$ cat work.txt   # compact mmCIF, C-alpha atoms
# COMPACT_ATOMS: atom_id res chain seq x y z
CA MET Q 1 92.09 72.57 39.62
CA ASN Q 2 93.54 69.53 37.88
CA GLU Q 3 91.02 66.68 38.07
CA GLN Q 4 93.70 64.01 38.40
CA TYR Q 5 95.31 65.87 41.30
CA VAL Q 6 91.96 66.22 43.07
CA LYS Q 7 91.27 62.52 42.68
CA ASN Q 8 94.76 61.53 43.86
CA ALA Q 9 94.61 63.86 46.88
CA ILE Q 10 91.22 62.49 47.91
CA GLU Q 11 92.40 58.90 47.55
CA ALA Q 12 95.56 59.57 49.58
CA SER Q 13 93.60 61.38 52.29
CA LEU Q 14 91.08 58.56 52.68
CA LEU Q 15 93.85 55.96 52.91
CA ALA Q 16 95.92 58.01 55.35
CA ALA Q 17 93.03 58.97 57.65
CA GLY Q 18 92.05 55.43 58.50
CA ARG Q 19 88.48 56.61 59.14
CA PRO Q 20 85.59 58.07 57.13
CA LEU Q 21 86.05 61.66 56.00
CA SER Q 22 83.21 64.09 55.33
CA ILE Q 23 82.98 66.36 52.30
CA ASP Q 24 84.07 69.33 54.43
CA GLU Q 25 87.12 67.42 55.70
CA LEU Q 26 88.09 66.44 52.17
CA LEU Q 27 87.60 70.00 50.98
CA ALA Q 28 89.91 71.22 53.77
CA VAL Q 29 92.72 69.12 52.29
CA PHE Q 30 93.04 71.56 49.42
CA ASP Q 31 94.52 75.03 49.64
CA GLN Q 32 91.77 77.64 49.48
CA ARG Q 33 93.87 79.55 46.98
CA ASP Q 34 93.43 76.68 44.55
CA GLY Q 35 89.75 77.52 44.30
CA SER Q 36 88.62 73.97 45.04
CA SER Q 37 84.89 73.44 45.41
CA VAL Q 38 82.45 70.89 46.78
CA GLU Q 39 81.53 70.02 43.21
CA GLU Q 40 85.16 69.17 42.39
CA VAL Q 41 85.47 67.01 45.49
CA ARG Q 42 82.27 65.12 44.65
CA ALA Q 43 83.48 64.69 41.07
CA GLY Q 44 86.74 63.25 42.39
CA LEU Q 45 84.83 60.84 44.62
CA ASP Q 46 82.67 59.73 41.68
CA ALA Q 47 85.80 59.16 39.57
CA LEU Q 48 87.41 57.07 42.30
CA ARG Q 49 84.24 55.03 42.76
CA ALA Q 50 84.19 54.28 39.04
CA GLU Q 51 87.88 53.26 39.03
CA TYR Q 52 87.34 50.89 41.96
CA ALA Q 53 84.35 49.20 40.31
CA THR Q 54 86.44 46.23 39.14
CA ARG Q 55 89.04 46.22 41.90
CA GLY Q 56 89.39 44.69 45.35
CA LEU Q 57 88.72 48.04 46.99
CA GLU Q 58 85.54 50.06 47.00
CA LEU Q 59 84.62 53.63 47.92
CA VAL Q 60 81.53 53.78 50.13
CA GLU Q 61 79.61 56.47 51.95
CA VAL Q 62 78.71 55.76 55.57
CA ALA Q 63 77.22 57.90 58.33
CA SER Q 64 80.44 59.80 59.08
CA GLY Q 65 81.50 60.35 55.48
CA PHE Q 66 83.40 58.46 52.79
CA ARG Q 67 85.93 55.67 53.19
CA ILE Q 68 87.91 53.19 51.10
CA GLN Q 69 87.45 49.61 52.21
CA ILE Q 70 88.12 46.03 51.11
CA ARG Q 71 85.36 44.46 49.07
CA SER Q 72 83.47 41.66 50.81
CA THR Q 73 84.30 39.33 47.91
CA VAL Q 74 88.00 39.35 48.84
CA ALA Q 75 87.74 40.08 52.57
CA GLU Q 76 88.18 36.44 53.59
CA ALA Q 77 91.36 36.09 51.57
CA VAL Q 78 92.83 39.35 52.88
CA SER Q 79 91.98 38.42 56.48
CA ARG Q 80 94.57 35.63 56.30
CA LEU Q 81 97.26 38.30 56.53
CA TRP Q 82 96.43 38.82 60.19
CA VAL Q 83 97.26 36.21 62.80
CA GLU Q 84 94.74 37.65 65.24
CA ARG Q 85 91.27 36.44 64.36
CA PRO Q 86 88.45 38.98 64.14
CA ALA Q 87 86.16 39.34 67.11
CA LYS Q 88 83.23 36.92 67.23
CA TYR Q 89 80.01 38.02 68.85
CA SER Q 90 77.38 35.80 70.42
CA ARG Q 91 73.85 35.47 69.13
CA ALA Q 92 72.66 37.15 72.35
CA LEU Q 93 74.74 40.26 71.69
CA LEU Q 94 73.70 40.49 68.05
CA GLU Q 95 70.01 40.03 68.86
CA THR Q 96 70.25 42.72 71.54
CA LEU Q 97 72.03 45.09 69.17
CA ALA Q 98 69.43 44.44 66.46
CA LEU Q 99 66.62 45.28 68.88
CA VAL Q 100 68.29 48.56 69.80
CA ALA Q 101 68.84 49.37 66.12
CA TYR Q 102 65.29 48.59 64.96
CA ARG Q 103 63.25 49.63 68.00
CA GLN Q 104 65.19 52.54 69.44
CA PRO Q 105 64.81 54.20 71.76
CA ILE Q 106 64.38 51.09 73.89
CA THR Q 107 65.06 50.18 77.51
CA ARG Q 108 66.93 47.15 78.78
CA GLY Q 109 63.71 45.87 80.34
CA GLU Q 110 61.91 46.07 77.01
CA ILE Q 111 64.74 44.13 75.36
CA GLU Q 112 64.43 41.43 78.01
CA GLN Q 113 60.66 41.29 77.56
CA ILE Q 114 61.02 40.77 73.80
CA ARG Q 115 63.83 38.20 74.03
CA GLY Q 116 62.32 36.41 77.01
CA VAL Q 117 65.63 36.23 78.88
CA ALA Q 118 67.68 38.57 81.03
CA VAL Q 119 70.32 40.68 79.26
CA ASN Q 120 73.81 39.87 80.43
CA PRO Q 121 75.35 43.17 81.74
CA SER Q 122 78.54 42.35 79.83
CA ILE Q 123 76.60 42.59 76.55
CA ILE Q 124 75.50 46.16 77.23
CA LYS Q 125 79.01 46.98 78.46
CA THR Q 126 80.59 45.62 75.28
CA MET Q 127 78.27 47.63 73.03
CA LEU Q 128 78.86 50.80 75.05
CA GLU Q 129 82.64 50.31 74.98
CA ARG Q 130 82.55 49.89 71.21
CA ASN Q 131 80.38 53.01 71.02
CA TRP Q 132 77.71 51.14 69.07
CA ILE Q 133 74.99 52.30 71.47
CA ARG Q 134 74.50 55.21 73.86
CA VAL Q 135 71.98 56.47 76.40
CA VAL Q 136 69.66 58.87 74.56
CA GLY Q 137 67.13 59.59 77.31
CA HIS Q 138 64.92 58.08 79.99
CA ARG Q 139 61.49 56.48 79.78
CA ASP Q 140 58.92 58.57 81.66
CA VAL Q 141 57.80 55.72 83.91
CA PRO Q 142 58.61 54.82 87.55
CA GLY Q 143 62.33 54.29 87.89
CA ARG Q 144 63.01 56.29 84.69
CA PRO Q 145 64.96 53.49 82.94
CA GLU Q 146 67.61 54.48 80.43
CA LEU Q 147 66.69 54.57 76.76
CA LEU Q 148 69.26 53.11 74.40
CA GLY Q 149 69.94 54.10 70.80
CA THR Q 150 72.62 53.49 68.19
CA THR Q 151 75.48 55.81 67.26
CA ARG Q 152 77.26 56.89 64.10
CA ASP Q 153 80.03 54.42 64.97
CA PHE Q 154 77.42 51.64 64.74
CA LEU Q 155 76.42 52.80 61.27
CA ASP Q 156 80.06 53.13 60.18
CA TYR Q 157 80.99 49.67 61.48
CA PHE Q 158 78.19 47.96 59.58
CA GLY Q 159 78.70 50.05 56.44
CA LEU Q 160 75.44 51.99 56.69
CA LYS Q 161 74.81 55.63 55.78
CA LYS Q 162 71.66 55.92 57.91
CA LEU Q 163 69.24 53.72 59.83
CA ASP Q 164 66.84 53.68 56.89
CA ALA Q 165 69.43 51.49 55.15
CA LEU Q 166 68.80 48.64 57.60
CA PRO Q 167 67.00 45.74 55.90
CA GLY Q 168 63.25 46.35 56.15
CA ALA Q 169 63.68 49.54 58.19
CA GLU Q 170 61.07 52.30 58.10
CA PRO Q 171 61.33 55.66 59.93
CA GLU Q 172 59.17 55.91 63.00
CA ALA Q 173 58.75 58.68 65.55
CA ALA Q 174 59.89 58.15 69.13
CA PRO Q 175 57.16 57.10 71.62
CA ALA Q 176 55.29 59.94 73.29
CA GLU Q 177 56.40 58.87 76.76
CA THR Q 178 60.07 59.33 75.86
CA VAL Q 179 61.73 62.19 77.72
CA ALA Q 180 65.02 63.42 76.30
CA VAL Q 181 67.88 64.18 78.69
CA GLU Q 182 71.42 65.36 78.17
CA ALA Q 183 73.53 62.72 76.49
CA PRO Q 184 77.07 62.79 75.08
CA ASP Q 185 77.25 64.33 71.61
CA ASP Q 186 79.04 62.08 69.14
CA GLY Q 187 79.84 64.89 66.76
CA GLY Q 188 76.68 65.36 64.77
CA GLU Q 189 72.97 64.95 64.47
CA GLU Q 190 71.79 61.46 65.30
CA PRO Q 191 69.87 59.55 62.62
CA GLU Q 192 66.11 59.34 63.07
CA PRO Q 193 64.93 56.19 64.89
CA ALA Q 194 63.79 53.33 62.69
CA HIS Q 195 61.53 50.37 63.35
CA GLY Q 196 61.81 46.99 61.74
CA ALA Q 197 58.85 46.03 59.62
CA GLY Q 198 57.48 42.60 60.37
CA GLY Q 199 59.86 41.75 63.20
CA THR Q 200 63.43 42.57 64.08
CA PRO Q 201 65.85 41.14 61.51
CA GLN Q 202 69.57 41.49 62.06
CA PRO Q 203 71.35 44.20 60.03
CA GLN Q 204 73.57 43.00 57.21
CA GLY Q 205 76.98 42.04 58.51
CA MET Q 206 75.71 41.17 61.98
CA VAL Q 207 76.43 37.45 61.69
CA ALA Q 208 75.69 35.60 64.91
CA ARG Q 209 78.41 33.33 66.24
CA GLY Q 210 78.82 31.57 69.53
CA SER Q 211 76.33 30.67 72.26
CA ASP Q 212 73.34 32.59 73.60
CA SER Q 213 75.15 33.57 76.79
CA GLY Q 214 77.82 36.15 77.38
CA PHE Q 215 79.44 37.99 74.48
$ encode --input "work.txt" --output "structure tokens"
Amino acid sequence: MNEQYVKNAIEASLLAAGRPLSIDELLAVFDQRDGSSVEEVRAGLDALRAEYATRGLELVEVASGFRIQIRSTVAEAVSRLWVERPAKYSRALLETLALVAYRQPITRGEIEQIRGVAVNPSIIKTMLERNWIRVVGHRDVPGRPELLGTTRDFLDYFGLKKLDALPGAEPEAAPAETVAVEAPDDGGEEPEPAHGAGGTPQPQGMVARGSDSGF
């Protein structure tokens, strides 16, 4: 198949989709009779990535697949096109989200114990509504509190391919007392839990704004 056509079709698909596309989804764009292959799709992605190296756009791979996005170096300038200002999240929400990301699976009570303050219910609600976190099980202790973990949407939003990409993250097995229960499937295998080495830093892009109350 013509390399230029493959590259153009991939670029158009990524721009039109408005979301990350996996290799299989990109491969499905081409007619099977054309004899397109995974290798050709990957070659097209590599060619696009090279072309974007000096431009305001970049091709990145996140948890759900590949996407074309605005480079951070020009994001502030481009944001002036929109009257509506981007959402600002409180330090409390970002700290809570960071704890879930680095210490998952984790209960709300454990988050409160680490932070030393009660978690505002609206914070958990906001993260659930944005599908950044989900209930992944229950702790095998009296009351069986819910265990919280991150989702692929969380990784996609913060431009991460997997939890290992979090600053200072190292894979760690779930605690022995964790009991898995049925939880909604978000369309694929969840990344392995990760634990922050030497504390719980905030993932890149999670810039705290606002007060320590609410969201």
$ closest_atom_pairs --input "work.txt" --of "stretch 51-139 of chain Q" --to "stretch 23-46 of chain Q" --cutoff "12 Å" --atoms "all atoms listed in the file" --output "Markdown table"
| residue | atom | partner | partner_atom | distance |
| --- | --- | --- | --- | --- |
| Q:Glu51 | CA | Q:Asp46 | CA | 8.7 |
| Q:Tyr52 | CA | Q:Asp46 | CA | 10.0 |
| Q:Ala53 | CA | Q:Asp46 | CA | 10.8 |
| Q:Glu58 | CA | Q:Leu45 | CA | 11.1 |
| Q:Leu59 | CA | Q:Leu45 | CA | 7.9 |
| Q:Val60 | CA | Q:Leu45 | CA | 9.5 |
| Q:Glu61 | CA | Q:Leu45 | CA | 10.0 |
| Q:Val62 | CA | Q:Ile23 | CA | 11.9 |
| Q:Ala63 | CA | Q:Ile23 | CA | 11.9 |
| Q:Ser64 | CA | Q:Ile23 | CA | 9.8 |
| Q:Gly65 | CA | Q:Ile23 | CA | 7.0 |
| Q:Phe66 | CA | Q:Ile23 | CA | 7.9 |
| Q:Arg67 | CA | Q:Leu45 | CA | 10.1 |
| Q:Ile68 | CA | Q:Leu45 | CA | 10.5 |
$ closest_residue --input "work.txt" --among "Q:Thr73, Q:Val135, Q:Thr96, Q:Glu129" --to "Q:Ile114" --atoms "only C-alpha atoms"
Q:Thr96
$ atom_distance --input "work.txt" --atom1 "atom CA of Q:Arg134" --atom2 "atom CA of Q:Gly168"
22.8 Å
$ closest_residue --input "work.txt" --among "Q:Gly109, Q:Gly159, Q:Pro167, Q:Pro121" --to "Q:Arg144" --atoms "all atoms listed in the file"
Q:Gly109
$ atom_distance --input "work.txt" --atom1 "atom CA of Q:Val100" --atom2 "atom CA of Q:Val117"
15.5 Å
$ atom_distance --input "work.txt" --atom1 "atom CA of Q:Lys162" --atom2 "atom CA of Q:Pro105"
15.5 Å
$ closest_residue --input "work.txt" --among "Q:Arg130, Q:Lys161, Q:Lys88, Q:Arg71" --to "Q:Pro20" --atoms "all atoms listed in the file"
Q:Lys161
$ closest_residue --input "work.txt" --among "Q:Ile106, Q:Gly143, Q:Leu97, Q:Gly137" --to "Q:Ile124" --atoms "all atoms listed in the file"
Q:Leu97
$ closest_residue --input "work.txt" --among "Q:Ile123, Q:Ala101, Q:Leu93, Q:Leu166" --to "Q:Thr150" --atoms "only C-alpha atoms"
Q:Ala101
$ closest_residue --input "work.txt" --among "Q:Ala165, Q:Ala47, Q:Ala92, Q:Leu14" --to "Q:Asn120" --atoms "only C-alpha atoms"
Q:Ala92
$ decode --input "work.txt" --residues "stretch 8-142 of chain Q" --atoms "C-alpha atoms" --output "compact mmCIF listing (two decimals), in the first residue's frame"
# COMPACT_ATOMS: atom_id res chain seq x y z
CA ASN Q 8 -2.61 10.50 5.47
CA ALA Q 9 -5.40 8.07 6.38
CA ILE Q 10 -4.00 7.59 9.88
CA GLU Q 11 -3.65 11.33 10.41
CA ALA Q 12 -7.21 12.00 9.19
CA SER Q 13 -8.62 9.21 11.36
CA LEU Q 14 -6.91 10.48 14.51
CA LEU Q 15 -8.13 14.03 13.89
CA ALA Q 16 -11.67 12.94 13.06
CA ALA Q 17 -12.05 10.51 15.97
CA GLY Q 18 -11.44 13.07 18.68
CA ARG Q 19 -10.16 10.31 20.96
CA PRO Q 20 -7.22 7.89 21.10
CA LEU Q 21 -7.32 5.06 18.57
CA SER Q 22 -5.68 1.68 19.04
CA ILE Q 23 -3.60 -0.11 16.41
CA ASP Q 24 -6.54 -2.43 15.67
CA GLU Q 25 -8.89 0.53 15.18
CA LEU Q 26 -6.43 2.21 12.84
CA LEU Q 27 -5.95 -1.02 10.93
CA ALA Q 28 -9.73 -1.31 10.51
CA VAL Q 29 -9.72 2.01 8.63
CA PHE Q 30 -8.13 0.31 5.64
CA ASP Q 31 -9.87 -2.08 3.28
CA GLN Q 32 -8.72 -5.64 3.92
CA ARG Q 33 -8.32 -6.07 0.19
CA ASP Q 34 -5.54 -3.50 0.27
CA GLY Q 35 -3.41 -5.92 2.25
CA SER Q 36 -2.63 -3.41 4.98
CA SER Q 37 -0.69 -4.72 7.96
CA VAL Q 38 0.14 -3.76 11.53
CA GLU Q 39 3.69 -3.05 10.39
CA GLU Q 40 2.45 -0.53 7.81
CA VAL Q 41 0.26 1.20 10.38
CA ARG Q 42 3.14 1.45 12.85
CA ALA Q 43 5.39 2.76 10.08
CA GLY Q 44 2.78 5.40 9.28
CA LEU Q 45 2.59 6.41 12.94
CA ASP Q 46 6.39 6.69 13.13
CA ALA Q 47 6.41 8.86 10.00
CA LEU Q 48 3.75 11.16 11.44
CA ARG Q 49 5.60 11.43 14.73
CA ALA Q 50 8.75 12.46 12.87
CA GLU Q 51 6.87 15.07 10.80
CA TYR Q 52 5.34 16.59 13.93
CA ALA Q 53 8.71 16.86 15.70
CA THR Q 54 9.06 20.56 14.87
CA ARG Q 55 5.38 21.50 14.76
CA GLY Q 56 2.76 22.65 17.24
CA LEU Q 57 1.14 19.22 17.23
CA GLU Q 58 2.53 15.96 18.52
CA LEU Q 59 1.58 12.29 18.16
CA VAL Q 60 1.55 10.50 21.51
CA GLU Q 61 0.64 7.05 22.74
CA VAL Q 62 -1.58 6.87 25.81
CA ALA Q 63 -3.36 4.01 27.55
CA SER Q 64 -6.19 3.76 25.00
CA GLY Q 65 -4.04 4.15 21.89
CA PHE Q 66 -2.60 6.98 19.81
CA ARG Q 67 -3.78 10.57 19.54
CA ILE Q 68 -2.73 13.88 18.02
CA GLN Q 69 -2.61 16.71 20.53
CA ILE Q 70 -1.37 20.27 20.96
CA ARG Q 71 2.15 20.58 22.29
CA SER Q 72 2.42 21.98 25.80
CA THR Q 73 4.74 24.72 24.52
CA VAL Q 74 1.89 26.33 22.56
CA ALA Q 75 -1.08 25.17 24.64
CA GLU Q 76 -1.39 28.47 26.52
CA ALA Q 77 -1.53 30.47 23.31
CA VAL Q 78 -4.08 28.15 21.70
CA SER Q 79 -6.26 28.19 24.83
CA ARG Q 80 -7.01 31.87 24.17
CA LEU Q 81 -9.28 30.76 21.33
CA TRP Q 82 -11.83 29.53 23.86
CA VAL Q 83 -13.84 31.94 25.97
CA GLU Q 84 -14.64 29.25 28.52
CA ARG Q 85 -11.71 28.79 30.87
CA PRO Q 86 -10.46 25.26 31.55
CA ALA Q 87 -11.59 23.57 34.72
CA LYS Q 88 -9.52 24.31 37.82
CA TYR Q 89 -9.20 21.68 40.50
CA SER Q 90 -8.49 22.24 44.17
CA ARG Q 91 -5.38 21.02 45.93
CA ALA Q 92 -7.61 18.66 47.94
CA LEU Q 93 -8.92 16.96 44.80
CA LEU Q 94 -5.48 16.65 43.22
CA GLU Q 95 -3.93 15.26 46.40
CA THR Q 96 -6.75 12.73 46.69
CA LEU Q 97 -6.38 11.72 43.05
CA ALA Q 98 -2.60 11.37 43.47
CA LEU Q 99 -3.10 9.06 46.46
CA VAL Q 100 -5.46 6.86 44.46
CA ALA Q 101 -3.02 6.79 41.54
CA TYR Q 102 0.08 5.94 43.59
CA ARG Q 103 -1.38 3.76 46.34
CA GLN Q 104 -4.23 1.96 44.64
CA PRO Q 105 -6.21 0.08 45.57
CA ILE Q 106 -7.01 2.39 48.46
CA THR Q 107 -10.09 3.13 50.56
CA ARG Q 108 -11.53 6.53 51.35
CA GLY Q 109 -10.68 5.99 55.02
CA GLU Q 110 -7.04 5.32 54.16
CA ILE Q 111 -6.95 8.52 52.10
CA GLU Q 112 -8.31 10.47 55.05
CA GLN Q 113 -5.78 8.88 57.39
CA ILE Q 114 -2.88 9.90 55.12
CA ARG Q 115 -4.13 13.45 54.46
CA GLY Q 116 -5.27 14.00 58.04
CA VAL Q 117 -8.61 15.51 56.98
CA ALA Q 118 -11.97 14.18 55.88
CA VAL Q 119 -12.50 13.74 52.13
CA ASN Q 120 -15.26 15.96 50.81
CA PRO Q 121 -17.85 13.64 49.13
CA SER Q 122 -17.99 16.04 46.18
CA ILE Q 123 -14.33 15.27 45.44
CA ILE Q 124 -14.98 11.56 45.06
CA LYS Q 125 -18.13 12.34 43.06
CA THR Q 126 -16.21 14.60 40.67
CA MET Q 127 -13.52 11.99 40.04
CA LEU Q 128 -16.13 9.27 39.48
CA GLU Q 129 -18.13 11.47 37.09
CA ARG Q 130 -14.98 12.18 35.08
CA ASN Q 131 -14.25 8.46 35.09
CA TRP Q 132 -10.78 9.06 36.54
CA ILE Q 133 -11.38 6.52 39.31
CA ARG Q 134 -13.61 3.49 39.82
CA VAL Q 135 -14.45 0.94 42.50
CA VAL Q 136 -12.17 -2.05 41.95
CA GLY Q 137 -13.06 -4.16 44.99
CA HIS Q 138 -13.62 -4.14 48.74
CA ARG Q 139 -11.16 -4.31 51.62
CA ASP Q 140 -11.63 -7.54 53.59
CA VAL Q 141 -12.20 -5.79 56.92
CA PRO Q 142 -15.36 -5.00 58.92
